[in-house]
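Structure file model14.csv (CSV, C-alpha atoms) follows.
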```csv
chain,number,residue,atom,x,y,z
A,29,MET,CA,0.0,0.0,0.0
A,30,THR,CA,1.3,3.5,-0.8
A,31,SER,CA,2.2,5.9,1.9
A,32,GLY,CA,-0.5,8.2,0.5
A,33,GLN,CA,-3.1,5.6,1.1
A,34,ARG,CA,-2.0,5.1,4.6
A,35,ARG,CA,-2.3,8.8,5.5
A,36,LEU,CA,-5.6,10.3,6.4
A,37,SER,CA,-6.4,13.3,4.3
A,38,ALA,CA,-6.5,16.6,6.2
A,39,ALA,CA,-10.3,16.6,6.0
A,40,ALA,CA,-10.7,13.0,7.2
A,41,THR,CA,-8.2,13.7,10.1
A,42,ALA,CA,-10.1,16.8,11.1
A,43,ALA,CA,-13.4,14.9,11.0
A,44,ILE,CA,-12.0,12.2,13.3
A,45,VAL,CA,-10.5,14.7,15.7
A,46,VAL,CA,-13.8,16.5,16.0
A,47,ALA,CA,-15.7,13.2,16.6
A,48,LEU,CA,-13.1,12.1,19.1
A,49,SER,CA,-13.1,15.4,21.0
A,50,ALA,CA,-16.9,15.4,21.2
A,51,ALA,CA,-16.8,11.8,22.6
A,52,CYS,CA,-14.6,12.6,25.5
A,53,GLY,CA,-15.0,16.2,26.4
A,54,GLY,CA,-12.1,17.7,24.5
A,55,THR,CA,-9.4,15.0,24.3
A,56,ASN,CA,-8.8,13.3,21.0
A,57,THR,CA,-7.6,9.9,22.2
A,58,THR,CA,-10.9,8.0,21.9
A,59,PRO,CA,-13.2,7.0,19.0
A,60,PRO,CA,-16.8,8.3,18.9
A,61,ALA,CA,-18.9,7.4,21.9
A,62,GLY,CA,-22.4,5.8,21.8
A,63,ASP,CA,-21.5,2.9,19.6
A,64,GLY,CA,-20.4,0.3,22.3
A,65,THR,CA,-16.7,1.0,21.7
A,66,ALA,CA,-15.7,3.1,24.7
A,67,SER,CA,-11.9,3.5,24.8
A,68,ALA,CA,-9.5,2.0,27.2
A,69,THR,CA,-7.8,5.4,27.3
A,70,ALA,CA,-11.0,6.9,28.6
A,71,SER,CA,-11.3,4.3,31.3
A,72,GLN,CA,-7.8,5.2,32.6
A,73,GLY,CA,-8.4,8.9,32.4
A,74,ALA,CA,-8.6,11.4,29.6
A,75,GLY,CA,-5.4,11.7,27.7
A,76,ALA,CA,-3.8,8.6,29.3
A,77,GLU,CA,-0.8,7.3,27.2
A,78,LEU,CA,-0.6,3.5,27.0
A,79,SER,CA,2.2,1.2,25.9
A,80,GLY,CA,2.4,-2.4,24.8
A,81,GLN,CA,2.1,-4.6,21.6
A,82,VAL,CA,-0.7,-5.8,19.4
A,83,LYS,CA,0.1,-8.5,16.9
A,84,ALA,CA,-2.0,-9.1,13.7
A,85,ASP,CA,-1.3,-11.5,10.9
A,86,GLY,CA,-3.1,-13.2,8.0
A,87,SER,CA,-4.6,-12.1,4.8
A,88,SER,CA,-2.5,-10.0,2.4
A,89,THR,CA,-5.8,-8.5,1.2
A,90,VAL,CA,-6.8,-7.2,4.6
A,91,ALA,CA,-3.3,-6.4,5.9
A,92,PRO,CA,-3.2,-2.9,4.3
A,93,LEU,CA,-6.4,-2.0,6.0
A,94,THR,CA,-5.2,-3.1,9.4
A,95,SER,CA,-1.8,-1.4,8.7
A,96,ALA,CA,-3.6,1.8,7.9
A,97,ALA,CA,-5.6,1.6,11.1
A,98,ALA,CA,-2.3,1.0,13.0
A,99,GLU,CA,-0.6,4.0,11.4
A,100,PHE,CA,-3.6,6.3,12.2
A,101,PHE,CA,-3.8,4.9,15.7
A,102,ALA,CA,-0.1,5.6,16.3
A,103,GLU,CA,-0.8,9.3,16.1
A,104,GLU,CA,-3.0,8.8,19.2
A,105,GLN,CA,-1.0,6.2,21.0
A,106,PRO,CA,2.6,6.2,19.8
A,107,LYS,CA,3.9,3.8,22.5
A,108,ILE,CA,1.6,1.0,21.4
A,109,ASN,CA,3.4,-1.1,18.8
A,110,VAL,CA,0.9,-2.7,16.3
A,111,THR,CA,2.6,-5.2,13.9
A,112,VAL,CA,0.9,-6.6,10.8
A,113,GLY,CA,2.1,-9.8,9.1
A,114,THR,CA,0.9,-11.4,5.8
A,115,SER,CA,1.0,-15.2,6.2
A,116,GLY,CA,-2.2,-15.6,4.2
A,117,THR,CA,-5.6,-16.3,5.8
A,118,GLY,CA,-4.8,-19.9,6.5
A,119,GLY,CA,-1.4,-19.2,7.9
A,120,GLY,CA,-2.7,-16.4,10.0
A,121,PHE,CA,-5.4,-18.6,11.6
A,122,GLU,CA,-2.7,-21.2,12.4
A,123,LYS,CA,-0.7,-18.6,14.3
A,124,PHE,CA,-3.8,-17.1,15.9
A,125,CYS,CA,-5.1,-20.4,17.2
A,126,ASN,CA,-1.6,-21.2,18.6
A,127,GLY,CA,-1.9,-18.0,20.6
A,128,GLU,CA,0.9,-16.3,18.7
A,129,THR,CA,-1.2,-13.3,17.5
A,130,ASP,CA,-4.0,-11.1,18.8
A,131,ILE,CA,-5.9,-10.4,15.6
A,132,SER,CA,-6.2,-12.6,12.5
A,133,ASP,CA,-6.9,-10.8,9.2
A,134,ALA,CA,-9.0,-12.9,6.9
A,135,SER,CA,-10.4,-12.7,3.4
A,136,ARG,CA,-12.8,-15.6,4.1
A,137,PRO,CA,-14.7,-16.9,7.1
A,138,ILE,CA,-12.9,-19.2,9.5
A,139,LYS,CA,-13.2,-22.9,8.7
A,140,ASP,CA,-14.6,-25.5,11.1
A,141,GLU,CA,-11.2,-27.1,11.5
A,142,GLU,CA,-9.7,-23.8,12.3
A,143,LYS,CA,-12.4,-23.1,14.9
A,144,ALA,CA,-11.6,-26.5,16.4
A,145,ALA,CA,-7.9,-25.7,16.6
A,146,CYS,CA,-8.7,-22.4,18.4
A,147,GLU,CA,-11.1,-24.1,20.8
A,148,ALA,CA,-8.5,-26.8,21.6
A,149,LYS,CA,-6.1,-24.0,22.7
A,150,GLY,CA,-8.7,-22.0,24.5
A,151,VAL,CA,-8.6,-19.1,22.0
A,152,LYS,CA,-12.0,-17.3,22.0
A,153,PHE,CA,-12.7,-14.8,19.2
A,154,THR,CA,-15.4,-13.0,17.3
A,155,GLU,CA,-15.7,-12.5,13.5
A,156,LEU,CA,-15.9,-8.8,12.6
A,157,THR,CA,-16.6,-7.7,9.1
A,158,VAL,CA,-14.6,-4.6,8.5
A,159,ALA,CA,-14.9,-3.8,4.7
A,160,THR,CA,-16.0,-5.1,1.4
A,161,ASP,CA,-13.7,-6.2,-1.5
A,162,ALA,CA,-14.1,-6.6,-5.2
A,163,LEU,CA,-11.8,-9.4,-6.1
A,164,THR,CA,-10.2,-8.1,-9.3
A,165,VAL,CA,-9.0,-10.0,-12.4
A,166,VAL,CA,-6.1,-8.2,-14.1
A,167,VAL,CA,-4.3,-8.5,-17.4
A,168,ASN,CA,-1.3,-6.8,-19.0
A,169,LYS,CA,-1.8,-3.3,-20.4
A,170,GLU,CA,-1.0,-4.7,-23.9
A,171,ASN,CA,-3.8,-7.1,-23.7
A,172,THR,CA,-6.4,-5.7,-26.2
A,173,TRP,CA,-8.6,-8.8,-26.5
A,174,ALA,CA,-9.9,-9.5,-23.0
A,175,SER,CA,-11.7,-6.4,-21.7
A,176,CYS,CA,-14.5,-8.6,-20.4
A,177,LEU,CA,-14.4,-12.3,-19.4
A,178,THR,CA,-17.3,-14.6,-18.5
A,179,THR,CA,-17.1,-16.7,-15.4
A,180,ASP,CA,-17.1,-19.7,-17.8
A,181,GLN,CA,-14.0,-18.4,-19.5
A,182,LEU,CA,-12.3,-17.9,-16.2
A,183,LYS,CA,-13.2,-21.5,-15.2
A,184,LYS,CA,-11.8,-22.8,-18.4
A,185,MET,CA,-8.5,-21.1,-17.5
A,186,TRP,CA,-8.3,-22.1,-13.9
A,187,GLU,CA,-10.1,-25.4,-13.4
A,188,PRO,CA,-8.0,-28.5,-12.6
A,189,ALA,CA,-8.8,-30.0,-16.0
A,190,ALA,CA,-7.0,-27.0,-17.7
A,191,GLU,CA,-3.6,-28.0,-16.3
A,192,GLY,CA,-1.1,-28.6,-19.1
A,193,LYS,CA,-3.8,-28.1,-21.7
A,194,VAL,CA,-5.2,-24.6,-21.7
A,195,MET,CA,-1.8,-22.9,-22.3
A,196,THR,CA,-2.8,-20.2,-24.8
A,197,TRP,CA,-5.6,-17.6,-24.9
A,198,LYS,CA,-6.9,-19.2,-28.1
A,199,ARG,CA,-7.7,-22.3,-26.1
A,200,VAL,CA,-9.9,-20.2,-23.9
A,201,ASP,CA,-11.8,-18.7,-26.8
A,202,PRO,CA,-11.2,-19.1,-30.5
A,203,LYS,CA,-11.6,-15.4,-30.9
A,204,PHE,CA,-8.6,-14.7,-28.8
A,205,PRO,CA,-5.0,-14.7,-30.2
A,206,ASP,CA,-2.6,-17.6,-30.0
A,207,GLU,CA,-0.8,-15.8,-27.1
A,208,PRO,CA,0.8,-17.9,-24.3
A,209,LEU,CA,-1.4,-17.8,-21.2
A,210,LYS,CA,0.6,-17.0,-18.1
A,211,LEU,CA,-1.4,-17.3,-14.9
A,212,PHE,CA,-0.5,-15.7,-11.5
A,213,GLY,CA,-2.6,-15.9,-8.4
A,214,ALA,CA,-2.9,-16.4,-4.7
A,215,GLY,CA,-1.1,-19.2,-2.8
A,216,THR,CA,-3.0,-22.1,-1.3
A,217,ASP,CA,-2.9,-20.6,2.2
A,218,SER,CA,-4.7,-17.5,1.0
A,219,GLY,CA,-8.4,-16.8,1.7
A,220,THR,CA,-8.4,-15.2,-1.8
A,221,PHE,CA,-7.4,-18.5,-3.3
A,222,ASP,CA,-10.2,-20.3,-1.4
A,223,TYR,CA,-12.8,-17.7,-2.4
A,224,PHE,CA,-11.8,-17.5,-6.0
A,225,THR,CA,-11.7,-21.3,-6.6
A,226,ASP,CA,-15.0,-21.7,-4.9
A,227,GLU,CA,-16.8,-19.1,-6.9
A,228,ILE,CA,-15.1,-19.7,-10.3
A,229,ASN,CA,-14.4,-23.4,-10.2
A,230,GLY,CA,-17.3,-24.5,-8.0
A,231,GLU,CA,-15.2,-26.1,-5.3
A,232,GLU,CA,-12.9,-24.5,-2.7
A,233,GLY,CA,-9.3,-25.3,-3.4
A,234,ALA,CA,-10.0,-26.8,-6.8
A,235,SER,CA,-7.4,-25.3,-9.2
A,236,ARG,CA,-4.9,-26.1,-11.8
A,237,LYS,CA,-1.4,-26.2,-10.2
A,238,ASP,CA,0.7,-25.0,-13.2
A,239,TYR,CA,0.4,-21.3,-12.3
A,240,SER,CA,2.6,-19.0,-10.3
A,241,PRO,CA,1.3,-18.8,-6.7
A,242,SER,CA,2.3,-16.3,-4.1
A,243,GLU,CA,1.1,-14.9,-0.8
A,244,ASP,CA,2.5,-11.6,-1.9
A,245,ASP,CA,0.2,-9.8,-4.3
A,246,ASN,CA,3.1,-7.7,-5.5
A,247,VAL,CA,4.6,-10.8,-7.1
A,248,THR,CA,1.4,-11.2,-9.1
A,249,VAL,CA,1.6,-7.6,-10.2
A,250,GLN,CA,5.2,-8.1,-11.4
A,251,GLY,CA,4.2,-11.3,-13.2
A,252,VAL,CA,1.3,-9.9,-15.1
A,253,THR,CA,3.1,-6.7,-16.0
A,254,GLY,CA,6.0,-8.8,-17.3
A,255,SER,CA,3.9,-11.0,-19.6
A,256,LYS,CA,1.7,-9.8,-22.5
A,257,GLY,CA,-0.5,-12.9,-22.0
A,258,GLY,CA,-0.4,-12.6,-18.2
A,259,LEU,CA,-3.6,-12.8,-16.0
A,260,GLY,CA,-3.9,-12.7,-12.3
A,261,TYR,CA,-6.3,-11.9,-9.5
A,262,PHE,CA,-6.2,-10.1,-6.1
A,263,GLY,CA,-8.1,-7.6,-4.0
A,264,PHE,CA,-9.4,-4.3,-5.4
A,265,THR,CA,-7.1,-2.2,-3.3
A,266,TYR,CA,-4.0,-3.8,-4.9
A,267,PHE,CA,-5.4,-3.1,-8.3
A,268,GLU,CA,-6.1,0.6,-7.5
A,269,GLU,CA,-2.5,0.8,-6.2
A,270,ASN,CA,-1.2,-0.6,-9.5
A,271,ALA,CA,-3.8,0.8,-12.0
A,272,ASP,CA,-1.1,2.5,-14.0
A,273,LYS,CA,0.5,-0.9,-14.7
A,274,LEU,CA,-2.4,-3.2,-15.1
A,275,LYS,CA,-5.9,-3.4,-16.7
A,276,ALA,CA,-8.9,-4.6,-14.7
A,277,VAL,CA,-11.1,-7.1,-16.6
A,278,GLU,CA,-14.9,-6.7,-16.5
A,279,ILE,CA,-16.7,-9.8,-15.3
A,280,ASP,CA,-19.9,-11.3,-16.9
A,281,SER,CA,-21.6,-13.8,-14.7
A,282,GLY,CA,-24.7,-13.9,-16.9
A,283,ASP,CA,-26.1,-10.4,-16.7
A,284,GLY,CA,-23.6,-8.6,-18.8
A,285,CYS,CA,-20.1,-7.1,-18.2
A,286,VAL,CA,-19.5,-5.3,-14.9
A,287,ALA,CA,-16.3,-3.6,-13.9
A,288,PRO,CA,-15.0,-3.9,-10.3
A,289,SER,CA,-15.8,-0.7,-8.4
A,290,VAL,CA,-17.0,0.5,-5.0
A,291,GLU,CA,-20.5,1.0,-6.3
A,292,ALA,CA,-20.8,-2.3,-8.0
A,293,ALA,CA,-19.5,-4.2,-4.9
A,294,GLN,CA,-21.9,-2.3,-2.6
A,295,ASN,CA,-25.0,-2.7,-4.8
A,296,GLY,CA,-24.4,-6.4,-5.5
A,297,THR,CA,-24.0,-6.1,-9.3
A,298,TYR,CA,-20.3,-7.2,-9.3
A,299,THR,CA,-20.9,-10.9,-9.0
A,300,PRO,CA,-19.6,-13.4,-7.9
A,301,LEU,CA,-16.3,-11.7,-6.9
A,302,ALA,CA,-17.5,-9.1,-4.4
A,303,ARG,CA,-16.8,-10.4,-0.9
A,304,PRO,CA,-16.7,-9.3,2.8
A,305,LEU,CA,-13.3,-8.9,4.6
A,306,PHE,CA,-12.8,-9.8,8.2
A,307,ILE,CA,-10.7,-9.4,11.3
A,308,TYR,CA,-10.8,-11.9,14.1
A,309,PRO,CA,-9.7,-10.4,17.5
A,310,SER,CA,-9.2,-12.7,20.4
A,311,ALA,CA,-11.2,-12.2,23.5
A,312,ALA,CA,-7.9,-12.1,25.4
A,313,ILE,CA,-6.7,-8.9,23.7
A,314,THR,CA,-9.9,-7.1,24.8
A,315,LYS,CA,-8.7,-7.6,28.4
A,316,LYS,CA,-5.5,-5.6,27.8
A,317,PRO,CA,-5.7,-1.8,27.7
A,318,GLU,CA,-3.5,-1.6,24.6
A,319,GLY,CA,-5.7,-4.1,22.7
A,320,VAL,CA,-8.9,-2.4,23.7
A,321,ALA,CA,-7.5,1.0,22.7
A,322,PHE,CA,-6.5,-0.2,19.2
A,323,LEU,CA,-9.7,-2.1,18.5
A,324,ASP,CA,-11.8,0.8,19.8
A,325,PHE,CA,-10.1,3.1,17.3
A,326,TYR,CA,-10.2,0.5,14.5
A,327,VAL,CA,-14.0,-0.2,14.9
A,328,GLY,CA,-15.0,3.3,15.9
A,329,ASN,CA,-13.4,4.9,12.8
A,330,ILE,CA,-13.8,2.1,10.3
A,331,SER,CA,-15.6,4.1,7.7
A,332,LYS,CA,-13.1,6.9,7.6
A,333,ILE,CA,-10.1,4.4,7.7
A,334,ALA,CA,-11.6,2.2,4.9
A,335,THR,CA,-12.4,5.2,2.7
A,336,ASP,CA,-9.1,6.9,3.0
A,337,ALA,CA,-7.2,3.6,2.6
A,338,LYS,CA,-9.2,3.0,-0.6
A,339,TYR,CA,-11.2,0.0,0.6
A,340,ILE,CA,-14.9,-0.3,0.0
A,341,PRO,CA,-16.6,0.8,3.3
A,342,LEU,CA,-19.4,-1.0,5.0
A,343,ASN,CA,-22.9,0.3,4.5
A,344,PRO,CA,-24.7,1.7,7.6
A,345,GLU,CA,-26.4,-1.6,8.5
A,346,GLN,CA,-23.1,-3.5,8.2
A,347,GLU,CA,-21.3,-0.9,10.3
A,348,ALA,CA,-23.9,-1.1,13.0
A,349,LYS,CA,-23.5,-4.9,13.1
A,350,LEU,CA,-19.7,-4.5,13.4
A,351,LYS,CA,-20.0,-2.3,16.4
A,352,SER,CA,-22.6,-4.6,18.0
A,353,ASP,CA,-20.4,-7.7,17.4
A,354,TYR,CA,-17.4,-6.0,18.8
A,355,ALA,CA,-19.3,-4.9,21.9
A,356,ALA,CA,-20.3,-8.5,22.4
A,357,LEU,CA,-16.7,-9.7,22.1
A,358,LYS,CA,-15.6,-7.4,25.0
A,359,THR,CA,-18.1,-9.2,27.3
A,360,GLN,CA,-16.5,-12.6,26.7
A,361,GLY,CA,-14.6,-14.2,29.5
```

Take the structure from the file and write it as structure tokens.
Amino acid sequence: MTSGQRRLSAAATAAIVVALSAACGGTNTTPPAGDGTASATASQGAGAELSGQVKADGSSTVAPLTSAAAEFFAEEQPKINVTVGTSGTGGGFEKFCNGETDISDASRPIKDEEKAACEAKGVKFTELTVATDALTVVVNKENTWASCLTTDQLKKMWEPAAEGKVMTWKRVDPKFPDEPLKLFGAGTDSGTFDYFTDEINGEEGASRKDYSPSEDDNVTVQGVTGSKGGLGYFGFTYFEENADKLKAVEIDSGDGCVAPSVEAAQNGTYTPLARPLFIYPSAAITKKPEGVAFLDFYVGNISKIATDAKYIPLNPEQEAKLKSDYAALKTQG
């Protein structure tokens, strides 16, 4: 994510400061009151400075959002160190259920076996939806033939039966040129991989194996930009960050071609690749002042953070549910 995306605009910063000041009688260290997210700083006295560490890991799609929240939060609590790793959704849950992290970033819901692993270690948590994503299929800027792809064409490229066989664009559609098809995508530990394979190939984890996988979306960017016949997929934020290098493909799931966008993801027309994004905080971190302070800030300012960081923000109903779910988490033992 670019430094510009991680910096609140002057207007957004001012808006947050005003909201925070109103919430606590002049200090700007707590998020807005009245939403079930009263700050730990407020409980310790207005303006109290905390210290400590909060560890997050998981989805590379969600990581920039959590990183943005951490950077904005550092302006309020500079002595709380929030670290954000990118082990992929699956890798993140493994660390989380082992008690190695406090928050797991995820681009898919937690699986039953991951829930069981957490339960076995006594790790309690709550699923919080923090933003919406438009999973974006990208091609090389020199690609003049694939402005829109159907979900059937994507399946023909990515299904297990395509391995070693669908090696050119012409094999996808006779109208396409005989250009080598070079595929780049998420690694198997990624929630993006799980979601894409489920929606496109009809089964989670079902995919051809002769593609270039990576948990680092920048590797996909480099691969597609370096190959005229390249195609890859990742979160909408990464496309926006690299829009000068790549071209986003419109998707036709049966009702015509639709480009990935904030509006299309929010109104439900960008199907089937619009999806919710999650964080999973542990109940334990809500018992620590530094954890409560960070989560209060994250949840209390989610709309401003998501918008400034170029994510698709929650609608009002989703944001209300986020705050309600977070309030319930803090009551867990």

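Proximity to Asp161 in chain A was assessed for A:Phe221, A:Trp186, A:Phe212, A:Phe306 counting all atoms listed in the file; the smallest distance is recorded for A:Phe306.
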
Please list as number ranges by chain every residue within 6 Å of range 224-232 of chain A, counting only C-alpha atoms and excluding residues in the same chain fewer than 3 positions away. A: 183, 187, 220-221

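Across the structure, CA of Ala91 in chain A and CA of Leu163 in chain A are spaced 15.0 Å apart.
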
Hey, what's within 10 Å of Ala276 in chain A if we count only C-alpha atoms and toss same-chain stuff fewer than 3 positions away? As a ChimeraX atom specification, please? /A:164-169,174-176,259-261,264,267-268,271,279,287-288

Residue subset to file, keeping C-alpha atoms, as a short mmCIF file (atom, residue, chain, number, x, y, z; two decimals), keeping the file's coordinate frame:
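Saved file part14.cif follows:
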```cif
data_model
loop_
_atom_site.label_atom_id
_atom_site.label_comp_id
_atom_site.auth_asym_id
_atom_site.auth_seq_id
_atom_site.Cartn_x
_atom_site.Cartn_y
_atom_site.Cartn_z
CA THR A 164 -10.20 -8.10 -9.30
CA VAL A 165 -9.00 -10.00 -12.40
CA VAL A 166 -6.10 -8.20 -14.10
CA VAL A 167 -4.30 -8.50 -17.40
CA ASN A 168 -1.30 -6.80 -19.00
CA LYS A 169 -1.80 -3.30 -20.40
CA ALA A 174 -9.90 -9.50 -23.00
CA SER A 175 -11.70 -6.40 -21.70
CA CYS A 176 -14.50 -8.60 -20.40
CA LEU A 259 -3.60 -12.80 -16.00
CA GLY A 260 -3.90 -12.70 -12.30
CA TYR A 261 -6.30 -11.90 -9.50
CA PHE A 264 -9.40 -4.30 -5.40
CA PHE A 267 -5.40 -3.10 -8.30
CA GLU A 268 -6.10 0.60 -7.50
CA ALA A 271 -3.80 0.80 -12.00
CA ILE A 279 -16.70 -9.80 -15.30
CA ALA A 287 -16.30 -3.60 -13.90
CA PRO A 288 -15.00 -3.90 -10.30
#
```

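When CA of Ile333 in chain A is paired with CA of Phe100 in chain A, their separation reads 8.1 Å.
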
Work out how far CA of Thr157 in chain A is from CA of Leu305 in chain A, in Å to one decimal. 5.7 Å

Surrounding residues of Pro137 in chain A excluding itself and chain neighbours under 4 positions, 12 Å, only C-alpha atoms, as a PyMOL selection string: chain A and resi 87+117-118+121+132-133+141-143+154-157+218-220+222-223+303-308

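For the choices A:Val112, A:Ala356, A:Leu177, A:Ala311, the atom-to-atom distance to Asp201 in chain A is smallest for A:Leu177 when using only C-alpha atoms.
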
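Proximity of A:Asp336, A:Asp353, A:Asp280, A:Glu318 to Asn109 in chain A, computed with all atoms listed in the file, is greatest for A:Glu318.
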
Pick out the residues sitting within 10 Å of Ser331 in chain A, and hand them over as number ranges by chain; count all atoms listed in the file, and ignore anything fewer than 5 positions along from it in its own chain. A: 158-159, 326, 336-337, 339-344, 347

Considering all atoms listed in the file, give me a table of residues in range 127-182 of chain A that are at most 12 Å from range 79-84 of chain A, with the closest atom pair and distance in Å for each, as JSON lines.
```
{"residue": "A:Gly127", "atom": "CA", "partner": "A:Lys83", "partner_atom": "CA", "distance": 10.4}
{"residue": "A:Glu128", "atom": "CA", "partner": "A:Lys83", "partner_atom": "CA", "distance": 8.0}
{"residue": "A:Thr129", "atom": "CA", "partner": "A:Lys83", "partner_atom": "CA", "distance": 5.0}
{"residue": "A:Asp130", "atom": "CA", "partner": "A:Lys83", "partner_atom": "CA", "distance": 5.2}
{"residue": "A:Ile131", "atom": "CA", "partner": "A:Ala84", "partner_atom": "CA", "distance": 4.5}
{"residue": "A:Ser132", "atom": "CA", "partner": "A:Ala84", "partner_atom": "CA", "distance": 5.6}
{"residue": "A:Asp133", "atom": "CA", "partner": "A:Ala84", "partner_atom": "CA", "distance": 6.9}
{"residue": "A:Ala134", "atom": "CA", "partner": "A:Ala84", "partner_atom": "CA", "distance": 10.5}
```

So which residues touch range 190-200 of chain A within 8 Å, counting only C-alpha atoms, skipping near sequence neighbours fewer than 2 positions away, as a count of residues only? 19

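Comparing A:Thr216, A:Lys316, A:Ser289, A:Leu274 by their smallest distance to Ile108 in chain A, the closest is A:Lys316 (using only C-alpha atoms).
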
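Among A:Pro309, A:Gly116, A:Gly284, A:Gly150, the residue with the shortest atom-to-atom distance to Asp245 in chain A, counting only C-alpha atoms, is A:Gly116.
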
May I have the protein, DNA and RNA residues with an atom at most 7 Å from (-10.7, -5.5, 27.9), counting all atoms listed in the file in the file's coordinates, returned as an NGL selection string? :A and (313-317 or 320 or 358)

Store the residues picked out above, limited to C-alpha atoms, as a short mmCIF file (atom, residue, chain, number, x, y, z; two decimals), in the coordinates of the input.
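Written file, again_20.cif:
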```
data_model
loop_
_atom_site.label_atom_id
_atom_site.label_comp_id
_atom_site.auth_asym_id
_atom_site.auth_seq_id
_atom_site.Cartn_x
_atom_site.Cartn_y
_atom_site.Cartn_z
CA ILE A 313 -6.70 -8.90 23.70
CA THR A 314 -9.90 -7.10 24.80
CA LYS A 315 -8.70 -7.60 28.40
CA LYS A 316 -5.50 -5.60 27.80
CA PRO A 317 -5.70 -1.80 27.70
CA VAL A 320 -8.90 -2.40 23.70
CA LYS A 358 -15.60 -7.40 25.00
#
```

Where atoms are lacking, range 229-243 of chain A completed to N, CA and C atoms, as a short mmCIF file (atom, residue, chain, number, x, y, z; two decimals), in the coordinates of the input:
```cif
data_model
loop_
_atom_site.label_atom_id
_atom_site.label_comp_id
_atom_site.auth_asym_id
_atom_site.auth_seq_id
_atom_site.Cartn_x
_atom_site.Cartn_y
_atom_site.Cartn_z
N ASN A 229 -14.47 -22.04 -9.86
CA ASN A 229 -14.40 -23.40 -10.20
C ASN A 229 -15.41 -24.33 -9.52
N GLY A 230 -16.18 -23.75 -8.61
CA GLY A 230 -17.30 -24.50 -8.00
C GLY A 230 -16.88 -25.33 -6.81
N GLU A 231 -15.60 -25.28 -6.41
CA GLU A 231 -15.20 -26.10 -5.30
C GLU A 231 -13.94 -25.38 -4.65
N GLU A 232 -14.01 -25.12 -3.36
CA GLU A 232 -12.90 -24.50 -2.70
C GLU A 232 -11.63 -25.29 -2.79
N GLY A 233 -10.57 -24.67 -3.26
CA GLY A 233 -9.30 -25.30 -3.40
C GLY A 233 -9.06 -26.07 -4.69
N ALA A 234 -10.10 -26.16 -5.53
CA ALA A 234 -10.00 -26.80 -6.80
C ALA A 234 -9.34 -25.86 -7.83
N SER A 235 -8.13 -26.16 -8.28
CA SER A 235 -7.40 -25.30 -9.20
C SER A 235 -6.34 -26.03 -9.94
N ARG A 236 -6.06 -25.58 -11.15
CA ARG A 236 -4.90 -26.10 -11.80
C ARG A 236 -3.66 -25.70 -10.98
N LYS A 237 -2.60 -26.49 -11.07
CA LYS A 237 -1.40 -26.20 -10.20
C LYS A 237 -0.29 -25.59 -11.02
N ASP A 238 -0.40 -25.57 -12.36
CA ASP A 238 0.70 -25.00 -13.20
C ASP A 238 0.51 -23.51 -13.38
N TYR A 239 0.42 -22.80 -12.26
CA TYR A 239 0.40 -21.30 -12.30
C TYR A 239 1.42 -20.83 -11.30
N SER A 240 1.65 -19.54 -11.25
CA SER A 240 2.60 -19.00 -10.30
C SER A 240 1.90 -18.45 -9.08
N PRO A 241 1.96 -19.20 -7.96
CA PRO A 241 1.30 -18.80 -6.70
C PRO A 241 2.15 -17.93 -5.85
N SER A 242 1.54 -17.04 -5.09
CA SER A 242 2.30 -16.30 -4.10
C SER A 242 1.34 -15.68 -3.08
N GLU A 243 1.82 -15.60 -1.84
CA GLU A 243 1.10 -14.90 -0.80
C GLU A 243 1.27 -13.41 -0.89
#
```
